[in-house]
Every structure is written in C-alpha cells, then in structure tokens.
Amino acid sequence: MLNQSLRAPTVAKAPVDPSRSPADQFFATTGHAGLIASEFTYKKEEEIYGEDEPSEYVYQVVSGAVRSYKLLSDGRRQIGAFYLPGDVFGLESGATHRLTAEAIVDTTVRLLKRRSLEQAAATDVHVARSLWSMTAGELRHAEDHMLLLGRKNAMERVANFLLEMDRRLAVAGMMALPMCRRDIGDYLGLTLETVSRALSQLQSQGILGFSGARQIELRNRQQLRNLDA
C-alpha cells in the first residue's frame with residue numbers, strides 16, 4: 001500500500017562491486033542501468049502490500065524489518081520470511097503477491113517498478129543475472145524453510161532460527177531481534193509457549209543469555225549448531 005510520503009528518487013551510480021552481497025549487487029546493477037529507486041516509510045504493523053494484490057514493485061529494506069505471511073483458513077498465521085536491512089522482497093513469478101508483507105517495526109524500503117526492471121533485464125545481461133540471483137535465493141530460502149518445518153523438532157527449529165539471525169543480525173556478539181516471540185513461533189510453526197520454553201532451556205544450559213526481551217547473546221554457538229545438526 002503506497003500511501004507514504006515519497007522521498008527523492010535515488011539512482012546508484014557506482015560500478016557494480018562483485019564483493020557486495022547479492023542484494024547490494026542487485027540495486028547497484030539496476031541503478032547503474034538507469035533505473036530509479038524511490039523510498040517509502042511504513043509504521044510498525046503497517047501493510048506494505050497484501051496477498052493477491054498486483055505485484056507492481058520490487059522492494060529492498062533500507063532500515064527496519066519486514067515479515068511476509070499468509071493467513072490460513074483456520075485463522076492461524078504462517079510467516080514465510082523475515083526481511084532485514086539490505087534484503088530484497090516482493091519478487092513474484094506471477095502478476096499478484098502470494099503473501100502479505102508488513103512492517104514489523106518502523107521501516108523504510110526502497111522500491112523499483114517491476115515493469116521497468118523486467119524491461120531492463122530483457123536488454124541488460126547484468127540486470128538479468130542479478131534478478132536471477134535474487135530469485136534463486138528466494139527459492140533456496142523456501143526449500144530450507146520447508147525442510148525446517150517438515151523434519152525438525154521444536155528445539156532444532158529454534159536453534160536453526162537463532163543461528164540464522166546470528167548470521168544476519170549479530171553485532172559485537174549481540175543480536176537485537178526486531179520480531180517478537182509470537183512472530184518467531186509463526187515462522188517456525190510453533191506456539192508462543194513452545195518458543196519461550198525452548199529459549200528458557202537454552203538460557204539455563206548457558207547457550208544464550210538475554211539483555212532485555214529481544215537482546216540475545218549467543219554464548220556457545222557450537223552447542224547450538226549441534227542442536228541444529
């Protein structure tokens with residue numbers, strides 16, 4: 001839902017650096033190809049786009065965090081992914097969005113028109129390769145998430161999640177989670193109580209420590225990896 005104040009459009013002019021992350025490479029490449037990216041801000045819990053709405057833009061998180069989810073027929077919510085600063089989302093194979101995307105906290109996103117992106121990919125091999133890299137990354141995440149939900153027990157799922165967030169969020173040994181425990185449960189297919197119980201057990205074993213409700217320090221990553229194995 002693009003109802004936010006529009007910031008000045010930005011165009012990346014720097015040459016593409018192969019050492020950058022795939023998401024950074026993607027927007028550097030599209031900017032180099034002359035595609036204009038605009039920025040919008042969303043308040044906490046505000047919808048960015050809804051399920052079955054036209055897929056008209058591709059997005060990148062500048063600051064904040066985003067969750068994508070689907071409401072099941074019985075009212076439960078299944079979160080498909082969390083998008084953090086630098087992550088690209090909204091890539092669709094069809095004309096509409098399969099999931100709803102929502103800001104978890106106050107969030108700024110950069111976006112490109114999908115039609116312009118597709119036109120650039122048709123004529124610029126660098127844009128096409130970057131787009132393919134983003135699509136392949138989304139597919140890998142979906143496959144990994146399916147395996148997590150189908151084959152891992154509750155403790156293994158929580159351990160896997162903490163290791164993922166450690167890779168994506170940790171600064172100076174501490175990670176500040178933007179999502180609440182209910183979000184984590186809806187991502188892992190677990191109840192809030194199960195998530196809380198698993199975190200408490202990991203704390204009692206000295207594997208992690210808390211500094212506030214969402215500030216987590218991993219004190220024994222190897223033991224956590226053993227749980228996820």
# chains A, B, ... in the order shown; residues from 1 in each chain; ligands from 1
call {"tool": "select_by_dssp", "arguments": {"residues": "stretch 35-190 of chain A", "states": "alpha helix (DSSP H)", "output": "PyMOL selection string"}}
result
chain A and resi 114-123+125-151+154-169+181-188
call {"tool": "residues_around", "arguments": {"residues": "stretch 87-104 of chain A", "least_positions_apart": "5", "cutoff": "8 Å", "atoms": "only C-alpha atoms", "output": "number ranges by chain"}}
result
A: 23, 42-61, 64-70, 134-135, 178-179
call {"tool": "residues_around", "arguments": {"residues": "stretch 147-153 of chain A", "least_positions_apart": "6", "cutoff": "10 Å", "atoms": "only C-alpha atoms", "output": "list of chain:residue names"}}
result
A:His141, A:Asn160, A:Phe161, A:Tyr187, A:Leu188, A:Gly189, A:Leu190, A:Asp228, A:Ala229
call {"tool": "residues_around", "arguments": {"residues": "A:Asn220", "least_positions_apart": "3", "cutoff": "12 Å", "atoms": "only C-alpha atoms", "output": "list of chain:residue names"}}
result
A:Ala159, A:Leu162, A:Leu163, A:Asp166, A:Gly173, A:Leu202, A:Gln203, A:Gln205, A:Gly206, A:Ile207, A:Leu208, A:Gly209, A:Glu217, A:Gln223, A:Leu224, A:Arg225, A:Asn226, A:Leu227
call {"tool": "atom_distance", "arguments": {"atom1": "atom CA of A:Met174", "atom2": "atom CA of A:Ile216"}}
result
5.7 Å
call {"tool": "atom_distance", "arguments": {"atom1": "atom CA of A:Trp132", "atom2": "atom CA of A:Gly80"}}
result
20.1 Å
call {"tool": "closest_residue", "arguments": {"among": "A:Ile36, A:Met165, A:Ala136, A:Ala122", "to": "A:Leu177", "atoms": "only C-alpha atoms"}}
result
A:Met165
call {"tool": "select_by_dssp", "arguments": {"residues": "stretch 26-220 of chain A", "states": "strand (DSSP E)", "output": "PyMOL selection string"}}
result
chain A and resi 38-42+47-49+57-63+66-71+77-83+88-89+100-103+107-113+174-176+208-210+215-218
call {"tool": "residues_around", "arguments": {"residues": "A:Ala176", "least_positions_apart": "4", "cutoff": "8 Å", "atoms": "only C-alpha atoms", "output": "NGL selection string"}}
result
:A and (169-170 or 214-216)
call {"tool": "write_last_selection", "arguments": {"atoms": "N, CA, C and O atoms", "output": "PDB file, in the first residue's frame"}}
result
ATOM      1  N   LEU A 169      22.125 -10.662  11.858  1.00  0.00           N
ATOM      2  CA  LEU A 169      21.873  -9.525  12.740  1.00  0.00           C
ATOM      3  C   LEU A 169      22.963  -9.225  13.755  1.00  0.00           C
ATOM      4  O   LEU A 169      23.064  -8.091  14.230  1.00  0.00           O
ATOM      5  N   ALA A 170      23.750 -10.220  14.140  1.00  0.00           N
ATOM      6  CA  ALA A 170      24.632 -10.051  15.294  1.00  0.00           C
ATOM      7  C   ALA A 170      25.642  -8.927  15.079  1.00  0.00           C
ATOM      8  O   ALA A 170      26.270  -8.833  14.031  1.00  0.00           O
ATOM      9  N   ARG A 214      14.449  -8.827  23.780  1.00  0.00           N
ATOM     10  CA  ARG A 214      14.851  -9.216  22.420  1.00  0.00           C
ATOM     11  C   ARG A 214      16.340  -9.083  22.146  1.00  0.00           C
ATOM     12  O   ARG A 214      16.782  -9.252  21.020  1.00  0.00           O
ATOM     13  N   GLN A 215      17.119  -8.762  23.170  1.00  0.00           N
ATOM     14  CA  GLN A 215      18.576  -8.695  23.034  1.00  0.00           C
ATOM     15  C   GLN A 215      19.147 -10.031  23.472  1.00  0.00           C
ATOM     16  O   GLN A 215      19.046 -10.405  24.636  1.00  0.00           O
ATOM     17  N   ILE A 216      19.752 -10.764  22.520  1.00  0.00           N
ATOM     18  CA  ILE A 216      20.233 -12.103  22.800  1.00  0.00           C
ATOM     19  C   ILE A 216      21.723 -12.204  22.502  1.00  0.00           C
ATOM     20  O   ILE A 216      22.188 -11.753  21.463  1.00  0.00           O
TER      21      ILE A 216
END
call {"tool": "atom_distance", "arguments": {"atom1": "atom CA of A:Arg181", "atom2": "atom CA of A:Ser196"}}
result
7.2 Å
call {"tool": "closest_residue", "arguments": {"among": "A:Leu218, A:Leu139, A:Ala198, A:Val62", "to": "A:Pro85", "atoms": "only C-alpha atoms"}}
result
A:Val62
